[in-house]
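*Asks:* The following block contains the structure, expressed as structure tokens.
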There are 2 protein chains.
Amino acid sequence: MTHEDCLGCRLANKSEDIYMVYEDDYVTCFLDHDPFNEGHTLILPKQHFLDVDELDDETANAIMKASILISKALKRLYQPDGITINQNGGVFNELTHYHMHVVPRYEGQWFGDFYREEDVGKVDVRELERVSGRMVEAIEEIRKGCLL
Amino acid sequence: MTHEDCLGCRLANKSEDIYMVYEDDYVTCFLDHDPFNEGHTLILPKQHFLDVDELDDETANAIMKASILISKALKRLYQPDGITINQNGGVFNELTHYHMHVVPRYEGQWFGDFYREEDVGKVDVRELERVSGRMVEAIEEIRKGCLL
């Protein structure tokens, strides 16, 4: 079930503009519009769920699988010092729709800053378009490799 | 494969003291010895993996399933305002063994503090013992409910 009044549902089902990097039957993955670093990606279920403990098995497994694929693409494109995966539930879920962040990180950056509430500046749409193109390409290459 | 010189492998396979709350064939879940809040739990694979993109399908699915079960138990015991799940990879993985945090949170606490490096004070072992007992009980009740 999806809800027309839920922004997460609209994003995951592409009735809002997104810079998609990957999708399957259960999830849509697209660039965060206010990235912590280039390549910062969100994984959203296409069905409406708020918290992790509401997910059905298929969706839960699809989220984990997508997080693995996106991590591989981020490593291939950016060689980050590490990747942090996080998901904030309950009142800390500002989208009121389950979403998992996959964030490339570099030494010298403090990740506590991820949790600062700041106004999002003007989003550079051309930049997001460029990055999503690179991510799509990397993910396709990785998936081709898996099938060989 | 497990490594005797990996602390994560030893913790996940119970050759170190842990306050376990749940295990299955693939993962061991136990209390963080320096909890952000009471009930803060770690999920570790029994096999040695460093990063999310190294996980095999069975282990990845078991991690997600365990995170769902632990979230349910935390909600039942503590009614947190939300639960944050996070996993830090690469050089930000201080255990050099994959581990996912499941952390109950309350309004008014800033989660950036999770990423402050502080010395762990003396661990209150009796407190951890008490909390793990409650978690085990809650998880058993939830699992029984699932089987009915």
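In the structure tokens, chains take the letters A, B, ... in the order shown, each chain's residues start at 1, and ligands count up from 1 in the order shown.
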For segment 76-82 of chain B, work out the shell of residues within 9 Å, counting only C-alpha atoms and skipping chain neighbours fewer than 3 positions away, then give it as a compact mmCIF listing (two decimals) with N, CA and C atoms, in the first residue's frame.
*Replies:*
# COMPACT_ATOMS: atom_id res chain seq x y z
N ASP A 51 8.78 2.07 10.21
CA ASP A 51 9.91 1.58 11.00
C ASP A 51 10.39 0.21 10.51
N ASN A 88 17.05 6.05 10.78
CA ASN A 88 16.50 6.65 12.00
C ASN A 88 15.00 6.44 12.04
N GLY A 89 14.53 5.80 13.12
CA GLY A 89 13.13 5.43 13.21
C GLY A 89 12.33 6.33 14.14
N GLY A 90 11.03 6.07 14.21
CA GLY A 90 10.14 6.80 15.12
C GLY A 90 10.12 8.28 14.82
N VAL A 91 10.21 9.11 15.87
CA VAL A 91 10.14 10.56 15.67
C VAL A 91 11.40 11.09 14.98
N PHE A 92 12.44 10.26 14.90
CA PHE A 92 13.69 10.71 14.27
C PHE A 92 13.69 10.43 12.77
N ASN A 93 12.58 9.91 12.28
CA ASN A 93 12.40 9.67 10.86
C ASN A 93 11.65 10.87 10.28
N GLU B 38 20.04 2.41 27.60
CA GLU B 38 19.80 1.04 28.03
C GLU B 38 19.15 0.24 26.89
N GLY B 39 19.67 -0.94 26.63
CA GLY B 39 19.11 -1.80 25.59
C GLY B 39 19.90 -1.75 24.28
N SER B 71 14.50 -4.56 17.51
CA SER B 71 13.70 -3.32 17.53
C SER B 71 12.37 -3.57 18.23
N LYS B 72 11.74 -4.71 17.93
CA LYS B 72 10.46 -5.02 18.58
C LYS B 72 10.64 -5.15 20.09
N ALA B 73 11.72 -5.82 20.50
CA ALA B 73 11.97 -6.00 21.93
C ALA B 73 12.23 -4.66 22.61
N VAL B 103 19.91 1.06 18.44
CA VAL B 103 19.99 1.99 19.57
C VAL B 103 18.65 2.67 19.84
N PRO B 104 18.07 2.42 21.02
CA PRO B 104 16.85 3.16 21.38
C PRO B 104 17.21 4.62 21.68
N ARG B 105 16.35 5.54 21.25
CA ARG B 105 16.63 6.97 21.43
C ARG B 105 15.42 7.70 22.01
N TYR B 106 15.71 8.84 22.62
CA TYR B 106 14.65 9.64 23.25
C TYR B 106 14.80 11.09 22.81
N GLU B 107 13.67 11.76 22.70
CA GLU B 107 13.70 13.18 22.31
C GLU B 107 14.55 13.97 23.31
N ARG B 134 16.20 -9.11 30.66
CA ARG B 134 14.92 -8.54 30.21
C ARG B 134 14.77 -8.66 28.70
N MET B 135 15.86 -8.40 27.99
CA MET B 135 15.82 -8.46 26.51
C MET B 135 15.55 -9.90 26.06
N ALA B 138 11.90 -10.64 26.56
CA ALA B 138 11.04 -9.95 25.59
C ALA B 138 11.13 -10.61 24.22
*Asks:* Find the residues near segment 10-24 of chain A: any atom within 6 Å, counting only C-alpha atoms, skip ones fewer than 2 places away on the same chain, and give them as a PDB file with N, CA and C atoms, in the first residue's frame.
*Replies:*
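Produced file result_30.pdb, reproduced below:
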ATOM      1  N   LEU A   7       5.319  11.806   1.455  1.00  0.00           N
ATOM      2  CA  LEU A   7       6.392  12.209   0.541  1.00  0.00           C
ATOM      3  C   LEU A   7       7.275  11.018   0.184  1.00  0.00           C
ATOM      4  N   GLY A   8       7.554  10.155   1.186  1.00  0.00           N
ATOM      5  CA  GLY A   8       8.391   8.969   0.941  1.00  0.00           C
ATOM      6  C   GLY A   8       7.772   8.053  -0.096  1.00  0.00           C
ATOM      7  N   TYR A  26      10.971  -4.033  -4.949  1.00  0.00           N
ATOM      8  CA  TYR A  26      10.624  -3.639  -3.579  1.00  0.00           C
ATOM      9  C   TYR A  26      11.148  -2.275  -3.149  1.00  0.00           C
ATOM     10  N   VAL A  27      12.286  -1.862  -3.718  1.00  0.00           N
ATOM     11  CA  VAL A  27      12.922  -0.629  -3.257  1.00  0.00           C
ATOM     12  C   VAL A  27      13.318   0.294  -4.400  1.00  0.00           C
ATOM     13  N   THR A  28      13.417   1.575  -4.068  1.00  0.00           N
ATOM     14  CA  THR A  28      13.964   2.577  -4.985  1.00  0.00           C
ATOM     15  C   THR A  28      15.129   3.252  -4.265  1.00  0.00           C
ATOM     16  N   CYS A  29      16.246   3.396  -4.967  1.00  0.00           N
ATOM     17  CA  CYS A  29      17.439   4.011  -4.386  1.00  0.00           C
ATOM     18  C   CYS A  29      17.752   5.272  -5.176  1.00  0.00           C
ATOM     19  N   PHE A  30      17.907   6.376  -4.466  1.00  0.00           N
ATOM     20  CA  PHE A  30      18.186   7.639  -5.164  1.00  0.00           C
ATOM     21  C   PHE A  30      19.078   8.519  -4.310  1.00  0.00           C
ATOM     22  N   LEU A  31      19.657   9.538  -4.935  1.00  0.00           N
ATOM     23  CA  LEU A  31      20.600  10.409  -4.230  1.00  0.00           C
ATOM     24  C   LEU A  31      19.890  11.277  -3.199  1.00  0.00           C
ATOM     25  N   LEU A  44      14.621   3.450  -0.224  1.00  0.00           N
ATOM     26  CA  LEU A  44      13.239   3.509   0.282  1.00  0.00           C
ATOM     27  C   LEU A  44      12.424   2.342  -0.244  1.00  0.00           C
ATOM     28  N   LYS A  46       9.120   0.674  -1.751  1.00  0.00           N
ATOM     29  CA  LYS A  46       8.047   1.225  -2.591  1.00  0.00           C
ATOM     30  C   LYS A  46       6.705   1.213  -1.854  1.00  0.00           C
ATOM     31  N   SER A 132      24.323  10.765 -10.284  1.00  0.00           N
ATOM     32  CA  SER A 132      23.429   9.607 -10.443  1.00  0.00           C
ATOM     33  C   SER A 132      23.789   8.842 -11.713  1.00  0.00           C
ATOM     34  N   MET A 135      26.701   6.669 -10.831  1.00  0.00           N
ATOM     35  CA  MET A 135      26.281   5.576  -9.938  1.00  0.00           C
ATOM     36  C   MET A 135      25.550   4.489 -10.735  1.00  0.00           C
ATOM     37  N   VAL A 136      24.649   4.922 -11.615  1.00  0.00           N
ATOM     38  CA  VAL A 136      23.894   3.961 -12.434  1.00  0.00           C
ATOM     39  C   VAL A 136      24.859   3.092 -13.238  1.00  0.00           C
TER      40      VAL A 136
END
*Asks:* What's the 7 Å shell around Met100 of chain B, counting only C-alpha atoms, without same-chain residues fewer than 5 positions away, as a PyMOL selection string?
*Replies:* chain B and resi 42-44+85-87
*Asks:* Atom CA of Ile70 of chain B to atom CA of Ala62 of chain A: how many Å, to one decimal?
*Replies:*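 Answer for the atom CA of Ile70 of chain B to atom CA of Ala62 of chain A separation: 19.3 Å.
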*Asks:* Measure the distance from atom CA of Gly121 of chain A to atom CA of Asn37 of chain A in Å and round it to one decimal.
*Replies:* 14.5 Å
*Asks:* Could you work out how far atom CA of Gly108 of chain B lies from atom CA of Asp32 of chain B, giving the answer in Å with one decimal?
*Replies:*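 Computing the Euclidean distance for atom CA of Asp32 of chain B and atom CA of Gly108 of chain B yields 21.6 Å.
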*Asks:* Under the rule that only C-alpha atoms are counted, which of A:Arg130, A:Lys122, A:Lys65, A:Arg143 is the nearest residue to chain B?
*Replies:*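 Checking each of A:Arg130, A:Lys122, A:Lys65, A:Arg143 against chain B, counting only C-alpha atoms, the winner is A:Lys65.
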*Asks:* For the helix (DSSP H, G or I) assignment from backbone DSSP, which residues of segment 20-120 of chain B qualify? Please present them as an NGL selection string.
*Replies:* :B and (52-54 or 57-78 or 90-92 or 111-115)
*Asks:* For Asp25 of chain A, which residue out of A:Ile63, A:Glu54, A:Thr41, A:Gly112 is the nearest one, using only C-alpha atoms?
*Replies:*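 That would be A:Ile63, the residue with the smallest distance to Asp25 of chain A.
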